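**Q** Pasting a structure below so you can have a look.
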Amino acid sequence: MSKKNKKSERFAVWMPCKGYVKKWLVVNFNSPDEDWQELINLSASKVLHKSFLSHLSRKSTRRDTVSKGRYASRVAIEITEDEFHRYGWELTPTETLSFNAMLEREVKTVLHTYNAMQSVTGLTIAERIKRFRRATGITEFDWDTDSIRKELQRNSNISGEADFDNLVKNIEKNVWAVLSKSGHITQQGLEEYEKD
């Protein structure tokens with residue numbers, strides 16, 4: 001008697017979101033199979049996965065008065081059968097707004113960090129936005145150029161700058177390490193150069 005392999009059933013929660021959030025989720029967390037062309041599996045990010053589960057509900061959303069017409073896209077986010085029973089199977093409109101705000105900050109952090117890195121090259125903001133689009137696949141339809149430009153103008157000094165500083169510090173650290181290993185600076189010099 002042979003056993004037939006039974007494909008395990010996959011569970012998903014549909015979540016409305018902005019186009020650029022959907023694009024970012026698909027690029028970073030898509031886990032497709034023959035039944036699901038796009039199915040987001042957040043388990044690669046413990047923080048996002050845990051946050052998503054904390055937003056799930058088993059309750060009716062009929063008394064939640066937050067507007068549902070805010071988002072043009074939607075995405076299926078995978079949950080396990082255990083998570084389905086333990087946490088719930090839907091997002092209230094309020095929880096949808098809350099989790100989307102977190103995801104939007106994630107995408108904007110990527111934008112600001114990329115922009116900060118590109119700004120040292122002297123590229124115009126328009127060229128940096130084009131390069132960001134090319135790199136991420138986020139189209140004009142997903143996130144219009146005027147909105148990206150406004151986001152960068154309003155918040156470039158807030159978000160992304162710390163990430164850019166960390167990037168530069170890591171590059172500097174690697175440069176000093178290479179110079180030390182090649183004998184161009186001493187250990188004493190290395191310690192001095194690495195001071196903040």
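Following the order of the structure tokens, chains are lettered A, B, ..., residues in each are numbered from 1, and ligands are numbered from 1.
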Got a sec: who's within 12 Å of stretch 143-147 of chain A, counting only C-alpha atoms, leaving out chain neighbours fewer than 3 positions off, as an MDAnalysis selection string?
**A** chainID A and resid 17:24 71:73 104 107:108 111 125:130 132:133 136:140 150:155
**Q** Write out as a list of chain:residue names which residues come within 8 Å of A:Leu53 when counting only C-alpha atoms, dropping same-chain ones fewer than 4 positions away.
**A**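 The residues satisfying every condition are A:His49, A:Glu83, A:Tyr87.
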**Q** May I ask for the distance between atom CA of A:Thr94 and atom CA of A:Ser51, given in Å to one decimal place?
**A**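 Separating atom CA of A:Thr94 from atom CA of A:Ser51 is a distance of 14.0 Å.
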**Q** Identify which of the residues A:Leu167, A:Tyr114, A:Arg149, A:Arg74 lies closest to A:Arg134, counting only C-alpha atoms when measuring atom-to-atom distances.
**A**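 Among the listed residues, A:Tyr114 lies closest to A:Arg134.
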**Q** Rounded to one decimal place, report the atom CA of A:Leu91-atom CA of A:Lys59 distance in Å.
**A**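 Atom CA of A:Lys59 lies 9.1 Å from atom CA of A:Leu91.
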**Q** I need the residue nearest A:Glu95 from this list: A:Leu39, A:Ala135, A:Phe52, A:His184. Use only C-alpha atoms for the distance.
**A**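 Answer, going by the shortest atom-to-atom distance: A:Phe52.
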**Q** Can you tell me which residues surround A:Thr80 at a distance of at most 12 Å, considering only C-alpha atoms, apart from same-chain residues fewer than 3 positions away, and format the answer as an MDAnalysis selection string?
**A** chainID A and resid 8:13 41:43 49 53 77 83:89
**Q** Which residue gives the smallest distance to A:Ala101 among A:Ser156, A:Glu78, A:Leu48, A:Thr121, with only C-alpha atoms counted?
**A** A:Leu48
**Q** What is the atom CA of A:Ser98 to atom CA of A:Ala76 distance in Å?
**A**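 About the pair atom CA of A:Ser98 and atom CA of A:Ala76: they are 16.9 Å apart.
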**Q** Go through stretch 68-128 of chain A and collect every residue that DSSP, computed from the backbone, puts in helix (DSSP H, G or I); the answer should be as a PyMOL selection string.
**A** chain A and resi 81-87+93-119+125-128
**Q** Identify which of the residues A:Asn166, A:Lys50, A:Lys173, A:Asn115 lies closest to A:Ile148, counting only C-alpha atoms when measuring atom-to-atom distances.
**A**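 Result for the nearest residue to A:Ile148: A:Asn115.
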